[in-house]
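K.L.:
Input structure: start04.cif, which contains mmCIF, N, CA and C atoms.
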data_coords
loop_
_atom_site.label_atom_id
_atom_site.label_comp_id
_atom_site.auth_asym_id
_atom_site.auth_seq_id
_atom_site.Cartn_x
_atom_site.Cartn_y
_atom_site.Cartn_z
N MET X 286 127.06 95.31 67.49
CA MET X 286 125.81 94.72 67.90
C MET X 286 124.88 94.63 66.70
N SER X 287 124.12 93.58 66.71
CA SER X 287 123.18 93.40 65.61
C SER X 287 121.89 94.17 65.88
N ALA X 288 121.10 94.33 64.85
CA ALA X 288 119.84 95.05 64.97
C ALA X 288 118.87 94.30 65.88
N GLN X 289 118.93 92.98 65.83
CA GLN X 289 118.03 92.18 66.67
C GLN X 289 118.36 92.37 68.16
N THR X 290 119.65 92.41 68.49
CA THR X 290 120.08 92.62 69.87
C THR X 290 119.63 94.01 70.36
N LEU X 291 119.79 95.01 69.48
CA LEU X 291 119.36 96.36 69.85
C LEU X 291 117.85 96.43 70.08
N MET X 292 117.09 95.70 69.27
CA MET X 292 115.63 95.69 69.45
C MET X 292 115.25 95.03 70.77
N VAL X 293 115.91 93.94 71.12
CA VAL X 293 115.63 93.26 72.39
C VAL X 293 115.99 94.17 73.56
N LEU X 294 117.16 94.80 73.48
CA LEU X 294 117.57 95.72 74.57
C LEU X 294 116.63 96.93 74.65
N GLY X 295 116.19 97.44 73.50
CA GLY X 295 115.24 98.55 73.49
C GLY X 295 113.91 98.15 74.10
N GLY X 296 113.44 96.93 73.78
CA GLY X 296 112.20 96.43 74.37
C GLY X 296 112.31 96.28 75.88
N LEU X 297 113.45 95.75 76.34
CA LEU X 297 113.67 95.63 77.79
C LEU X 297 113.73 97.00 78.46
N ALA X 298 114.36 97.96 77.78
CA ALA X 298 114.43 99.33 78.33
C ALA X 298 113.04 99.92 78.45
N LEU X 299 112.22 99.74 77.41
CA LEU X 299 110.83 100.24 77.47
C LEU X 299 110.04 99.56 78.58
N LEU X 300 110.24 98.26 78.73
CA LEU X 300 109.58 97.53 79.81
C LEU X 300 110.00 98.07 81.18
N GLY X 301 111.29 98.36 81.33
CA GLY X 301 111.80 98.93 82.58
C GLY X 301 111.22 100.30 82.86
N VAL X 302 111.16 101.15 81.82
CA VAL X 302 110.59 102.49 81.98
C VAL X 302 109.12 102.40 82.37
N PHE X 303 108.38 101.52 81.71
CA PHE X 303 106.97 101.34 82.03
C PHE X 303 106.77 100.88 83.47
N SER X 304 107.59 99.91 83.92
CA SER X 304 107.43 99.40 85.29
C SER X 304 107.78 100.47 86.32
N VAL X 305 108.81 101.28 86.03
CA VAL X 305 109.16 102.37 86.96
C VAL X 305 108.05 103.40 87.00
N TRP X 306 107.47 103.72 85.83
CA TRP X 306 106.38 104.69 85.78
C TRP X 306 105.17 104.18 86.56
N ARG X 307 104.86 102.90 86.38
CA ARG X 307 103.71 102.31 87.07
C ARG X 307 103.94 102.28 88.59
N ALA X 308 105.15 101.89 89.01
CA ALA X 308 105.46 101.87 90.44
C ALA X 308 105.40 103.27 91.03
N GLY X 309 105.84 104.26 90.25
CA GLY X 309 105.77 105.65 90.71
C GLY X 309 104.35 106.11 90.90
N ARG X 310 103.46 105.68 90.00
CA ARG X 310 102.05 106.03 90.13
C ARG X 310 101.44 105.41 91.37
N LYS X 311 101.73 104.13 91.60
CA LYS X 311 101.21 103.45 92.79
C LYS X 311 101.76 104.10 94.05
N SER X 312 103.05 104.42 94.03
CA SER X 312 103.67 105.05 95.19
C SER X 312 103.07 106.42 95.47
N ALA X 313 102.81 107.18 94.40
CA ALA X 313 102.20 108.50 94.57
C ALA X 313 100.81 108.39 95.16
N ALA X 314 100.02 107.42 94.68
CA ALA X 314 98.68 107.23 95.22
C ALA X 314 98.73 106.82 96.68
N LYS X 315 99.69 105.96 97.01
CA LYS X 315 99.84 105.51 98.40
C LYS X 315 100.27 106.67 99.30
N SER X 316 101.19 107.49 98.82
CA SER X 316 101.64 108.62 99.65
C SER X 316 100.54 109.66 99.80
N MET X 317 99.71 109.87 98.75
CA MET X 317 98.59 110.80 98.90
C MET X 317 97.62 110.32 99.96
N LYS X 318 97.37 109.02 100.00
CA LYS X 318 96.48 108.47 101.02
C LYS X 318 97.09 108.67 102.41
N GLY X 319 98.40 108.46 102.53
CA GLY X 319 99.08 108.67 103.82
C GLY X 319 99.01 110.11 104.26
N VAL X 320 99.19 111.05 103.33
CA VAL X 320 99.11 112.48 103.67
C VAL X 320 97.71 112.82 104.13
N ARG X 321 96.70 112.26 103.45
CA ARG X 321 95.31 112.52 103.85
C ARG X 321 95.05 112.01 105.26
N GLU X 322 95.59 110.82 105.58
CA GLU X 322 95.41 110.25 106.93
C GLU X 322 96.09 111.13 107.97
N VAL X 323 97.32 111.57 107.69
CA VAL X 323 98.05 112.41 108.65
C VAL X 323 97.33 113.74 108.84
N THR X 324 96.82 114.32 107.75
CA THR X 324 96.10 115.59 107.86
C THR X 324 94.85 115.42 108.71
N ARG X 325 94.15 114.31 108.52
CA ARG X 325 92.95 114.05 109.33
C ARG X 325 93.34 113.89 110.80
N MET X 326 94.43 113.17 111.06
CA MET X 326 94.86 112.96 112.44
C MET X 326 95.30 114.28 113.06
N THR X 327 95.96 115.14 112.29
CA THR X 327 96.39 116.44 112.81
C THR X 327 95.19 117.30 113.17
N GLY X 328 94.17 117.32 112.31
CA GLY X 328 92.96 118.08 112.61
C GLY X 328 92.28 117.57 113.86
N ASN X 329 92.21 116.25 114.01
CA ASN X 329 91.60 115.67 115.21
C ASN X 329 92.42 116.03 116.45
N THR X 330 93.73 116.02 116.34
CA THR X 330 94.59 116.35 117.48
C THR X 330 94.39 117.80 117.89
N ILE X 331 94.32 118.69 116.92
CA ILE X 331 94.11 120.11 117.24
C ILE X 331 92.77 120.31 117.93
N ARG X 332 91.70 119.67 117.42
CA ARG X 332 90.39 119.79 118.07
C ARG X 332 90.42 119.21 119.47
N LEU X 333 91.14 118.11 119.66
CA LEU X 333 91.26 117.49 120.98
C LEU X 333 91.94 118.44 121.96
N ILE X 334 93.03 119.06 121.53
CA ILE X 334 93.76 119.98 122.41
C ILE X 334 92.89 121.19 122.75
N LEU X 335 92.19 121.74 121.76
CA LEU X 335 91.33 122.90 122.03
C LEU X 335 90.20 122.54 122.99
N ALA X 336 89.57 121.38 122.79
CA ALA X 336 88.50 120.97 123.70
C ALA X 336 89.04 120.75 125.11
N THR X 337 90.22 120.16 125.20
CA THR X 337 90.84 119.95 126.51
C THR X 337 91.12 121.27 127.21
N LEU X 338 91.62 122.25 126.46
CA LEU X 338 91.90 123.56 127.06
C LEU X 338 90.61 124.24 127.52
N VAL X 339 89.55 124.13 126.75
CA VAL X 339 88.27 124.75 127.15
C VAL X 339 87.74 124.09 128.42
N ILE X 340 87.73 122.76 128.45
CA ILE X 340 87.22 122.04 129.63
C ILE X 340 88.06 122.35 130.87
N ALA X 341 89.39 122.30 130.71
CA ALA X 341 90.26 122.58 131.85
C ALA X 341 90.11 124.03 132.31
N GLY X 342 89.94 124.95 131.36
CA GLY X 342 89.75 126.36 131.73
C GLY X 342 88.46 126.58 132.50
N VAL X 343 87.39 125.97 132.05
CA VAL X 343 86.11 126.10 132.77
C VAL X 343 86.22 125.47 134.16
N GLN X 344 86.84 124.31 134.24
CA GLN X 344 87.01 123.67 135.55
C GLN X 344 87.84 124.57 136.48
N TRP X 345 88.90 125.14 135.96
CA TRP X 345 89.76 126.00 136.78
C TRP X 345 88.96 127.21 137.27
N LEU X 346 88.18 127.82 136.36
CA LEU X 346 87.37 128.98 136.77
C LEU X 346 86.37 128.63 137.86
N VAL X 347 85.72 127.48 137.72
CA VAL X 347 84.72 127.08 138.72
C VAL X 347 85.39 126.82 140.06
N VAL X 348 86.50 126.10 140.05
CA VAL X 348 87.16 125.75 141.31
C VAL X 348 87.76 126.98 141.98
N VAL X 349 88.40 127.85 141.23
CA VAL X 349 89.10 129.00 141.83
C VAL X 349 88.16 130.17 142.10
N LYS X 350 87.32 130.52 141.16
CA LYS X 350 86.53 131.75 141.27
C LYS X 350 85.21 131.57 142.01
N ILE X 351 84.51 130.45 141.80
CA ILE X 351 83.18 130.30 142.39
C ILE X 351 83.27 129.81 143.82
N GLY X 352 84.01 128.76 144.06
CA GLY X 352 84.18 128.28 145.43
C GLY X 352 83.00 127.51 145.99
N ASN X 353 81.98 127.25 145.19
CA ASN X 353 80.82 126.50 145.63
C ASN X 353 81.13 125.02 145.46
N THR X 354 80.88 124.21 146.52
CA THR X 354 81.20 122.78 146.47
C THR X 354 80.38 122.06 145.41
N THR X 355 79.10 122.36 145.30
CA THR X 355 78.25 121.70 144.31
C THR X 355 78.71 122.03 142.89
N ALA X 356 79.01 123.29 142.64
CA ALA X 356 79.49 123.70 141.31
C ALA X 356 80.82 123.03 140.99
N THR X 357 81.67 122.90 142.00
CA THR X 357 82.96 122.23 141.79
C THR X 357 82.76 120.78 141.40
N TRP X 358 81.88 120.07 142.12
CA TRP X 358 81.62 118.67 141.80
C TRP X 358 81.04 118.52 140.40
N ILE X 359 80.11 119.40 140.04
CA ILE X 359 79.51 119.34 138.70
C ILE X 359 80.57 119.60 137.63
N ALA X 360 81.41 120.60 137.87
CA ALA X 360 82.46 120.94 136.89
C ALA X 360 83.47 119.82 136.72
N LEU X 361 83.67 119.02 137.74
CA LEU X 361 84.62 117.91 137.64
C LEU X 361 83.97 116.63 137.13
N ILE X 362 82.71 116.39 137.47
CA ILE X 362 82.06 115.12 137.12
C ILE X 362 81.55 115.10 135.68
N VAL X 363 80.96 116.18 135.20
CA VAL X 363 80.36 116.17 133.85
C VAL X 363 81.40 115.88 132.76
N PRO X 364 82.56 116.54 132.73
CA PRO X 364 83.56 116.18 131.71
C PRO X 364 84.07 114.74 131.86
N ALA X 365 84.17 114.27 133.11
CA ALA X 365 84.61 112.89 133.32
C ALA X 365 83.58 111.91 132.76
N LEU X 366 82.30 112.20 132.93
CA LEU X 366 81.26 111.33 132.37
C LEU X 366 81.30 111.33 130.84
N LEU X 367 81.49 112.51 130.24
CA LEU X 367 81.58 112.58 128.78
C LEU X 367 82.80 111.83 128.25
N ALA X 368 83.92 111.97 128.94
CA ALA X 368 85.13 111.23 128.52
C ALA X 368 84.93 109.73 128.67
N ALA X 369 84.31 109.31 129.75
CA ALA X 369 84.06 107.88 129.96
C ALA X 369 83.12 107.33 128.89
N ALA X 370 82.08 108.09 128.54
CA ALA X 370 81.16 107.64 127.49
C ALA X 370 81.87 107.50 126.16
N THR X 371 82.78 108.42 125.85
CA THR X 371 83.54 108.35 124.61
C THR X 371 84.45 107.13 124.59
N ILE X 372 85.12 106.87 125.71
CA ILE X 372 86.02 105.72 125.78
C ILE X 372 85.24 104.41 125.66
N VAL X 373 84.11 104.34 126.31
CA VAL X 373 83.28 103.13 126.23
C VAL X 373 82.82 102.92 124.79
N ARG X 374 82.42 103.99 124.10
CA ARG X 374 81.99 103.88 122.71
C ARG X 374 83.15 103.42 121.82
N LEU X 375 84.35 103.94 122.06
CA LEU X 375 85.51 103.52 121.28
C LEU X 375 85.85 102.05 121.51
N MET X 376 85.73 101.60 122.73
CA MET X 376 86.05 100.21 123.05
C MET X 376 84.97 99.24 122.57
N ALA X 377 83.80 99.75 122.24
CA ALA X 377 82.70 98.88 121.81
C ALA X 377 82.78 98.52 120.33
N ILE X 378 83.71 99.12 119.58
CA ILE X 378 83.85 98.80 118.16
C ILE X 378 84.39 97.38 118.04
N THR X 379 83.65 96.53 117.33
CA THR X 379 84.04 95.13 117.24
C THR X 379 84.60 94.75 115.88
N GLU X 380 84.40 95.59 114.87
CA GLU X 380 84.94 95.26 113.55
C GLU X 380 85.40 96.52 112.85
N ILE X 381 86.33 96.35 111.93
CA ILE X 381 86.83 97.47 111.14
C ILE X 381 86.25 97.32 109.74
N VAL X 382 85.61 98.36 109.27
CA VAL X 382 84.98 98.34 107.96
C VAL X 382 85.81 99.22 107.03
N HIS X 383 86.27 98.64 105.92
CA HIS X 383 87.04 99.39 104.94
C HIS X 383 86.10 99.85 103.83
N THR X 384 86.20 101.10 103.47
CA THR X 384 85.38 101.64 102.40
C THR X 384 86.29 102.21 101.33
N THR X 385 85.74 102.37 100.14
CA THR X 385 86.48 103.01 99.06
C THR X 385 85.89 104.38 98.81
N ARG X 386 86.74 105.32 98.49
CA ARG X 386 86.28 106.68 98.21
C ARG X 386 86.19 106.88 96.71
N GLY X 387 85.19 107.57 96.28
CA GLY X 387 85.07 107.96 94.89
C GLY X 387 84.59 106.86 93.97
N GLY X 388 84.07 105.78 94.49
CA GLY X 388 83.53 104.73 93.65
C GLY X 388 84.58 103.98 92.86
N GLY X 389 85.79 103.90 93.39
CA GLY X 389 86.88 103.21 92.69
C GLY X 389 86.66 101.70 92.66
N ARG X 390 87.53 101.02 91.91
CA ARG X 390 87.44 99.57 91.81
C ARG X 390 87.84 98.93 93.12
N ARG X 391 87.27 97.78 93.41
CA ARG X 391 87.58 97.06 94.64
C ARG X 391 88.51 95.92 94.36
#
Is it possible to give me this structure as structure tokens?

P.N.:
Amino acid sequence: MSAQTLMVLGGLALLGVFSVWRAGRKSAAKSMKGVREVTRMTGNTIRLILATLVIAGVQWLVVVKIGNTTATWIALIVPALLAAATIVRLMAITEIVHTTRGGGRR
């Protein structure tokens, strides 16, 4: 092989290494964003389950231990109203706004 051929092949090899490095960087940034999203969703899920257990526990205590009809209705209606208000608020979102974190380029 001539020196010119080796230089061309070396340049192509460097170009390949650079493109793999760049793709790896983009992939790492994308996976970090995905991990952050999953972590946020996991935290929200845990809070949701804990809130559900607290509400259900209070309702169970009121229905079983107190036995008062008015207290039972209040214990069942108030969480239902809060859940309905949350669902209505979620359904009222009409647009999705994308933001950037850390002042990065757009």

K.L.:
Excluding Gln344 of chain X and any residue of its chain fewer than 4 positions from it, enumerate the residues within 12 Å of it, using only C-alpha atoms, and give them as a ChimeraX atom specification.

P.N.:
/X:337-340,348-352,356-365

K.L.:
Just how far from atom C of Met292 of chain X is atom N of Val305 of chain X, in Å to one decimal?

P.N.:
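Atom C of Met292 of chain X lies 17.7 Å from atom N of Val305 of chain X.
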
K.L.:
So the first atom is atom C of Trp306 of chain X and the second is atom N of Val293 of chain X; what is the distance between them in Å, to one decimal place?

P.N.:
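Between atom C of Trp306 of chain X and atom N of Val293 of chain X the gap is 21.4 Å.
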
K.L.:
Atom C of Thr371 of chain X to atom N of Met326 of chain X: how many Å, to one decimal?

P.N.:
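Distance between the two atoms: 17.9 Å.
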